[in-house]
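Chemist: File follows, my_file.txt with compact mmCIF, C-alpha atoms and all ligand atoms:
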# COMPACT_ATOMS: atom_id res chain seq x y z
CA MET A 301 16.52 11.52 18.32
CA THR A 302 16.43 8.71 15.79
CA LEU A 303 16.12 5.33 17.49
CA PRO A 304 18.58 2.58 16.60
CA VAL A 305 17.23 0.04 14.11
CA TYR A 306 17.12 -2.65 16.81
CA ASP A 307 14.81 -0.53 18.94
CA LEU A 308 12.54 0.22 15.99
CA MET A 309 12.25 -3.50 15.29
CA GLN A 310 11.64 -4.07 18.99
CA ARG A 311 8.60 -1.72 18.84
CA ALA A 312 7.04 -4.04 16.28
CA VAL A 313 7.92 -7.15 18.28
CA ASP A 314 6.42 -5.56 21.41
CA ILE A 315 2.95 -5.28 19.83
CA VAL A 316 2.86 -8.34 17.59
CA GLY A 317 0.99 -10.33 20.26
CA THR A 318 -1.86 -7.80 20.17
CA SER A 319 -2.69 -8.61 16.54
CA PRO A 320 -6.35 -9.69 16.35
CA HIS A 321 -5.46 -12.32 13.76
CA PRO A 322 -5.80 -15.77 15.33
CA THR A 323 -2.87 -17.41 13.53
CA ASN A 324 -0.79 -14.94 11.48
CA LYS A 325 0.26 -12.28 13.96
CA ILE A 326 2.44 -9.73 12.18
CA ALA A 327 3.63 -6.26 13.19
CA ALA A 328 5.62 -3.50 11.55
CA THR A 329 7.23 -0.19 12.47
CA LEU A 330 7.77 2.65 10.03
CA GLY A 331 10.60 4.97 10.94
CA LEU A 332 11.61 8.26 9.33
CA GLY A 333 14.00 10.49 11.23
CA ASP A 334 12.57 10.99 14.72
CA TYR A 335 9.16 9.75 13.69
CA HIS A 336 7.97 6.18 14.10
CA ILE A 337 4.64 4.39 14.08
CA SER A 338 3.81 0.72 14.65
CA TYR A 339 0.86 -1.42 13.62
CA THR A 340 -0.15 -5.06 13.59
CA ASN A 341 -2.13 -6.62 10.77
CA GLU A 342 -5.74 -5.93 11.63
CA TRP A 343 -9.28 -5.59 10.42
CA PRO A 344 -10.28 -1.97 9.81
CA GLY A 345 -12.92 -1.04 12.44
CA PRO A 346 -15.93 -0.86 10.10
CA ILE A 347 -15.13 -4.28 8.57
CA ALA A 348 -14.64 -5.91 11.99
CA THR A 349 -17.88 -4.40 13.29
CA HIS A 350 -20.24 -4.72 10.35
CA ILE A 351 -18.95 -7.73 8.41
CA GLY A 352 -16.84 -9.63 10.90
CA THR A 353 -13.47 -11.26 10.81
CA GLN A 354 -14.60 -14.61 9.42
CA THR A 355 -15.71 -13.28 6.03
CA LYS A 356 -13.47 -12.51 3.09
CA ILE A 357 -14.04 -9.25 1.24
CA GLY A 358 -14.34 -10.56 -2.31
CA ASN A 359 -11.18 -12.64 -2.68
CA ALA A 360 -9.18 -10.50 -0.22
CA SER A 361 -8.75 -11.09 3.47
CA GLY A 362 -10.48 -8.27 5.35
CA THR A 363 -7.25 -7.39 7.14
CA VAL A 364 -4.87 -4.64 6.27
CA HIS A 365 -1.32 -5.90 6.49
CA ALA A 366 0.87 -4.28 9.14
CA GLU A 367 3.32 -2.73 6.65
CA THR A 368 0.54 -1.16 4.60
CA ALA A 369 -1.26 0.06 7.77
CA CYS A 370 1.93 1.91 8.79
CA ILE A 371 2.23 3.52 5.35
CA LEU A 372 -1.43 4.59 5.31
CA GLU A 373 -1.17 6.15 8.78
CA ALA A 374 2.25 7.80 8.59
CA PRO A 375 2.24 11.51 7.76
CA HIS A 376 5.04 11.05 5.23
CA THR A 377 6.84 7.97 3.87
CA ASP A 378 9.37 9.06 1.24
CA GLY A 379 12.76 7.70 2.28
CA ALA A 380 11.37 5.86 5.33
CA SER A 381 12.48 2.48 6.68
CA LEU A 382 10.13 -0.38 7.54
CA PHE A 383 10.75 -2.99 10.21
CA VAL A 384 8.64 -6.11 9.92
CA THR A 385 8.37 -9.18 12.14
CA ASP A 386 7.72 -11.37 9.10
CA VAL A 387 8.63 -11.72 5.47
CA PRO A 388 6.32 -9.27 3.62
CA CYS A 389 3.97 -10.39 0.86
CA PRO A 390 4.36 -9.09 -2.72
CA ASN A 391 1.36 -6.74 -2.38
CA CYS A 392 2.94 -4.92 0.54
CA ILE A 393 6.27 -4.76 -1.27
CA LYS A 394 4.60 -3.08 -4.26
CA ASN A 395 2.99 -0.59 -1.86
CA MET A 396 6.36 0.07 -0.20
CA ALA A 397 7.96 0.73 -3.58
CA GLU A 398 5.28 3.23 -4.57
CA ALA A 399 5.40 4.85 -1.11
CA GLY A 400 9.14 5.51 -1.46
CA ILE A 401 10.35 3.16 1.30
CA LYS A 402 14.13 2.90 1.05
CA ALA A 403 15.05 0.16 3.55
CA LEU A 404 13.30 -2.98 4.73
CA TYR A 405 14.38 -4.75 7.90
CA ILE A 406 13.00 -8.22 8.60
CA ASP A 407 13.33 -9.90 11.98
CA HIS A 408 15.48 -13.03 11.63
CA LYS A 409 12.78 -15.07 13.36
CA GLY A 410 10.36 -14.10 10.61
CA PHE A 411 12.26 -16.25 8.17
CA ASP A 412 11.35 -19.42 10.09
CA LYS A 413 7.68 -18.63 10.39
CA ASP A 414 4.66 -19.88 8.58
CA PHE A 415 4.42 -17.38 5.74
CA ALA A 416 8.11 -17.57 4.96
CA LEU A 417 7.99 -21.34 4.79
CA ARG A 418 4.78 -21.51 2.79
CA ARG A 419 5.48 -18.63 0.45
CA GLY A 420 9.23 -18.28 0.61
CA HIS A 421 9.45 -18.74 -3.14
CA LEU A 422 7.35 -15.59 -3.59
CA PHE A 423 9.77 -13.66 -1.46
CA GLU A 424 12.59 -14.70 -3.78
CA SER A 425 10.72 -14.63 -7.07
CA MET A 426 8.72 -11.45 -6.56
CA ALA A 427 9.34 -9.43 -3.43
CA MET A 428 13.13 -9.35 -3.70
CA ARG A 429 12.99 -8.54 -7.39
CA ILE A 430 10.61 -5.66 -6.80
CA CYS A 431 12.93 -4.36 -4.05
CA GLU A 432 15.87 -4.57 -6.41
CA LYS A 433 14.08 -2.66 -9.17
CA ALA A 434 12.53 -0.10 -6.80
CA GLY A 435 15.77 0.45 -4.88
CA ILE A 436 14.76 -0.88 -1.46
CA SER A 437 17.68 -2.29 0.57
CA VAL A 438 16.77 -5.42 2.54
CA TYR A 439 18.29 -6.51 5.83
CA LYS A 440 17.84 -9.39 8.22
CA ILE A 441 17.97 -8.10 11.75
CA PHE A 442 19.06 -9.90 14.94
CA ARG A 443 17.76 -7.72 17.78
CA LYS A 444 19.37 -9.55 20.68
CA ASP A 445 22.82 -9.66 19.09
CA LYS A 446 22.43 -6.14 17.66
CA LYS A 447 23.47 -7.42 14.29
CA THR A 448 22.16 -6.86 10.77
CA GLU A 449 22.84 -8.98 7.76
CA THR A 450 22.47 -7.45 4.31
CA ILE A 451 20.23 -9.46 2.03
CA LEU A 452 20.02 -6.91 -0.75
CA ALA A 453 22.31 -3.90 -1.04
CA ILE A 454 21.22 -1.06 -3.32
CA PRO A 455 24.01 1.17 -4.63
CA GLU A 456 23.64 4.68 -3.21
CA ALA A 457 23.38 6.29 -6.63
CA TYR A 458 20.65 3.94 -7.86
CA LYS A 459 17.50 5.66 -9.11
CA PRO A 460 14.64 3.44 -10.28
CA PRO A 461 13.39 4.13 -13.82
CA LEU A 462 10.05 5.92 -13.49
CA GLU A 463 7.65 5.08 -16.26
CA LYS A 464 4.26 6.74 -15.95
CA PRO A 465 4.64 8.00 -12.37
CA PRO A 466 1.43 9.11 -10.65
CA HIS A 467 0.47 12.67 -11.55
CA VAL A 468 0.38 15.24 -8.74
CA GLU A 469 -0.76 18.77 -9.46
CA ALA A 470 -1.71 21.70 -7.22
CA LEU A 471 -5.36 22.77 -7.51
CA ILE A 472 -5.94 26.35 -8.58
CA GLN A 473 -9.33 26.52 -6.84
CA PRO A 474 -10.59 25.08 -3.56
CA PRO A 475 -12.02 21.57 -3.98
CA SER A 476 -15.64 21.41 -5.11
CA LYS A 477 -17.92 18.95 -6.87
CA SER A 478 -17.62 20.79 -10.19
CA LEU A 479 -13.82 21.00 -10.00
CA PHE A 480 -13.75 17.28 -9.17
CA GLU A 481 -15.91 16.51 -12.20
CA ASN A 482 -13.73 18.69 -14.44
CA CYS A 483 -10.58 16.92 -13.25
CA ILE A 484 -12.16 13.51 -13.84
CA ALA A 485 -13.15 14.52 -17.40
CA LYS A 486 -9.65 15.88 -18.11
CA GLU A 487 -7.79 12.86 -16.73
CA SER A 488 -10.19 10.48 -18.42
CA LYS A 489 -9.23 11.98 -21.77
CA LYS A 490 -5.55 11.77 -20.90
CA PHE A 491 -5.49 8.17 -19.66
CA GLY A 492 -8.12 6.82 -22.03
CA GLY A 493 -8.57 3.77 -19.80
CA VAL A 494 -8.58 2.69 -16.18
CA PHE A 495 -7.44 5.30 -13.68
CA ALA A 496 -8.03 6.63 -10.18
CA LEU A 497 -8.04 10.21 -8.94
CA ALA A 498 -8.25 11.91 -5.57
CA PHE A 499 -7.98 15.35 -4.03
CA ALA A 500 -5.56 15.58 -1.15
CA HIS A 501 -4.10 18.37 0.95
CA ASP A 502 -0.80 18.99 2.66
CA THR A 503 -0.31 20.16 6.26
CA GLN A 504 -0.56 23.79 5.07
CA GLY A 505 -3.99 23.19 3.57
CA THR A 506 -2.85 23.41 -0.05
CA TYR A 507 -4.89 21.06 -2.24
CA PHE A 508 -3.57 18.73 -4.93
CA MET A 509 -5.00 16.33 -7.44
CA ILE A 510 -3.37 12.90 -7.58
CA SER A 511 -4.13 10.61 -10.51
CA ALA A 512 -2.68 7.31 -11.69
CA GLU A 513 -3.35 4.41 -14.01
CA PRO A 514 -2.49 0.77 -13.23
CA HIS A 515 1.24 0.16 -13.69
CA PRO A 516 3.89 -2.43 -12.85
CA ALA A 517 5.60 -1.80 -9.50
CA ILE A 518 8.04 1.14 -9.47
CA GLY A 519 11.26 0.31 -11.27
CA TYR A 520 9.54 -1.98 -13.75
CA THR A 521 8.53 -0.74 -17.14
CA THR A 522 5.89 -2.19 -19.41
CA ASP A 523 8.73 -3.92 -21.31
CA THR A 524 10.34 -5.44 -18.25
CA ILE A 525 7.24 -6.58 -16.39
CA GLU A 526 7.44 -10.23 -15.51
CA LYS A 527 4.87 -12.98 -15.70
CA PRO A 528 2.32 -12.99 -12.87
CA GLU A 529 2.66 -15.88 -10.53
CA ASP A 530 0.30 -17.35 -7.98
CA LYS A 531 -2.46 -14.93 -6.93
CA TYR A 532 0.01 -12.05 -6.96
CA ASN A 533 1.26 -10.07 -9.91
CA PHE A 534 3.64 -7.21 -10.54
CA LEU A 535 0.92 -4.70 -11.33
CA LEU A 536 -0.12 -2.02 -8.86
CA GLU A 537 -3.76 -1.01 -9.16
CA PRO A 538 -4.59 2.71 -9.56
CA VAL A 539 -6.33 3.34 -6.22
CA ASN A 540 -3.39 1.78 -4.38
CA ARG A 541 -1.03 3.97 -6.39
CA VAL A 542 -2.99 7.08 -5.43
CA LEU A 543 -3.07 6.11 -1.73
CA MET A 544 0.67 5.32 -1.69
CA THR A 545 1.54 8.52 -3.56
CA ALA A 546 -0.39 10.56 -1.00
CA ALA A 547 1.56 8.83 1.78
CA ARG A 548 4.86 9.30 -0.03
CA GLN A 549 4.34 13.03 -0.46
CA GLY A 550 2.79 13.67 2.92
CA LEU A 551 -0.66 14.45 1.51
CA PHE A 552 -3.98 13.62 3.18
CA ILE A 553 -6.75 12.31 0.95
CA ASP A 554 -9.96 14.33 1.11
CA LYS A 555 -12.54 11.69 2.00
CA ASN A 556 -15.20 13.27 -0.24
CA TYR A 557 -13.12 13.22 -3.39
CA ILE A 558 -11.82 9.84 -4.42
CA TYR A 559 -12.67 8.36 -7.79
CA CYS A 560 -11.96 5.19 -9.73
CA SER A 561 -13.03 4.74 -13.34
CA ARG A 562 -14.08 1.16 -12.58
CA VAL A 563 -14.92 -0.88 -9.47
CA PRO A 564 -11.65 -1.11 -7.52
CA THR A 565 -10.26 -4.58 -6.75
CA ALA A 566 -11.14 -6.24 -3.44
CA ARG A 567 -7.68 -5.41 -2.04
CA GLU A 568 -8.00 -1.76 -3.12
CA LEU A 569 -11.44 -1.57 -1.48
CA VAL A 570 -10.08 -2.91 1.83
CA ASN A 571 -7.31 -0.29 1.68
CA ILE A 572 -9.89 2.42 0.94
CA VAL A 573 -11.83 1.44 4.06
CA ALA A 574 -8.60 1.29 6.07
CA SER A 575 -7.88 4.87 4.99
CA GLY A 576 -11.11 5.98 6.69
CA ILE A 577 -12.82 6.68 3.36
CA THR A 578 -16.60 6.12 3.38
CA ARG A 579 -17.58 7.66 0.06
CA LEU A 580 -16.34 6.48 -3.31
CA HIS A 581 -17.06 7.76 -6.79
CA ILE A 582 -17.02 5.11 -9.52
CA GLY A 583 -17.08 5.87 -13.25
CA ASP A 584 -18.58 2.65 -14.59
CA ARG A 585 -19.99 0.21 -12.09
CA ASN A 586 -20.20 -2.53 -14.67
CA GLN A 587 -16.43 -2.55 -15.18
CA ALA A 588 -13.99 -4.29 -12.84
CA ARG A 589 -10.75 -6.24 -13.05
CA ASP A 590 -12.55 -9.34 -11.84
CA ASN A 591 -15.79 -10.58 -10.34
CA ASP A 592 -14.37 -10.52 -6.81
CA ALA A 593 -14.25 -6.74 -7.06
CA HIS A 594 -18.03 -6.64 -7.64
CA THR A 595 -18.59 -9.04 -4.74
CA ALA A 596 -16.39 -6.96 -2.42
CA LEU A 597 -18.14 -3.71 -3.35
CA ASP A 598 -21.58 -5.27 -2.78
CA GLN A 599 -20.48 -6.50 0.65
CA LEU A 600 -19.13 -3.11 1.72
CA GLU A 601 -22.16 -1.27 0.36
CA LYS A 602 -24.72 -3.60 1.97
CA ALA A 603 -22.92 -3.33 5.31
CA GLY A 604 -23.16 0.47 5.08
CA ILE A 605 -19.35 0.83 5.12
CA LEU A 606 -18.98 2.47 1.72
CA ASN A 607 -21.33 4.80 -0.15
CA VAL A 608 -20.94 4.70 -3.87
CA GLU A 609 -21.75 7.57 -6.20
ZN ZN B 701 1.38 -7.90 3.03
In structure tokens, how does this file's structure come out?
Ligand SMILES: [Zn+2]
Modeler:
Amino acid sequence: MTLPVYDLMQRAVDIVGTSPHPTNKIAATLGLGDYHISYTNEWPGPIATHIGTQTKIGNASGTVHAETACILEAPHTDGASLFVTDVPCPNCIKNMAEAGIKALYIDHKGFDKDFALRRGHLFESMAMRICEKAGISVYKIFRKDKKTETILAIPEAYKPPLEKPPHVEALIQPPSKSLFENCIAKESKKFGGVFALAFAHDTQGTYFMISAEPHPAIGYTTDTIEKPEDKYNFLLEPVNRVLMTAARQGLFIDKNYIYCSRVPTARELVNIVASGITRLHIGDRNQARDNDAHTALDQLEKAGILNVE
């Protein structure tokens, strides 16, 4: 039986106090039909154990945000709803868009909290605009009064324009090193620039290749992308697109077969670790979006968290 939205939000509220973060305790629930899963923001185990919670990974906090943790762990996210105790950051909103989240519920108390007050402008200037373009309805939820207030209504018929969607293709052979190398060579020719690729399987054991290049959040096109602001921007990096596409389609990434043509960004690397991936193939180790990516990779490699090939 599908739980009422108030109960799904309550699940997040129930665990928010268990967040290991000393100051920003945030929790989220992802609900799809009868299924629901809840997470707080937290440090992935290997980062907490081998690097610690006081050290940044490159320029990224070592934590995975609660919303993104739910998406990475859920067996399937297309059409799901997310319930969050706080106002989400633009990075999580971009992930939600790519993962096919259709409704976002924010606890009314979240609007008075630290992040909302400090970064409220980003919620208006970026997060809400991404939701509008991607077709994510946004609601403020009052659990005690069993009341929701619509912040952003998306017309039922709305379909976001899809420019350069991630590519998903069934594999004709079982995954192997040589097939992986062939796929990388083929996609490299096609994209001609930065891209990521992974093998993933469905619950039946059928294997797929997922590949993607960096692109503005779903709903934006190269022509309509807006100016980056603050430390956030409207672009979604390729590894994040691959991880979110796997979640959206209910595919499980094969931990031996994930590739990025350059060093992934610090945030992508944290998400890779959070996905339980310990082995990463990189095309050109000298290329990265920024220096923080190199720093983050060095940290994870030295700590024995990630093996690079
Ligand atoms: Zn976030």
Chemist: Rounded to one decimal place, report the atom CA of Ala457 of chain A-atom CA of Thr521 of chain A distance in Å.
Modeler: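 These atoms are spaced 19.5 Å apart.
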Chemist: Just how far from atom CA of Ala366 of chain A is atom CA of Lys464 of chain A, in Å to one decimal?
Modeler: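 Taking atom CA of Lys464 of chain A and atom CA of Ala366 of chain A, their separation equals 27.6 Å.
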Chemist: Can you pull out every residue with an atom within 7 Å of ligand ZN 701 (chain B)? Use only C-alpha atoms and all ligand atoms and format it as a compact mmCIF listing (two decimals) with C-alpha atoms, in the frame of the given file.
Modeler:
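Result written to selection02.txt:
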# COMPACT_ATOMS: atom_id res chain seq x y z
CA HIS A 365 -1.32 -5.90 6.49
CA GLU A 367 3.32 -2.73 6.65
CA THR A 368 0.54 -1.16 4.60
CA PRO A 388 6.32 -9.27 3.62
CA CYS A 389 3.97 -10.39 0.86
CA PRO A 390 4.36 -9.09 -2.72
CA ASN A 391 1.36 -6.74 -2.38
CA CYS A 392 2.94 -4.92 0.54
Chemist: Go through A:Pro516, A:Pro475, A:Pro346, A:Gly492 and flag the residue nearest Leu606 of chain A, using only C-alpha atoms for the distances.
Modeler: A:Pro346
Chemist: Between A:Gly358, A:Gly505, A:Pro466, A:Gly410, which residue has the minimum interatomic distance to Tyr439 of chain A, considering all atoms listed in the file?
Modeler: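 Using all atoms listed in the file, Tyr439 of chain A sits closest to A:Gly410.
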Chemist: So the first atom is atom CA of Asn586 of chain A and the second is atom CA of Thr355 of chain A; what is the distance between them in Å, to one decimal place?
Modeler: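 Between atom CA of Asn586 of chain A and atom CA of Thr355 of chain A the gap is 23.8 Å.
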Chemist: Which residue, A:Leu382, A:Val563, A:Lys413, A:Arg429, has the smallest gap to Thr323 of chain A when you use all atoms listed in the file?
Modeler: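 Nearest to Thr323 of chain A: A:Lys413.
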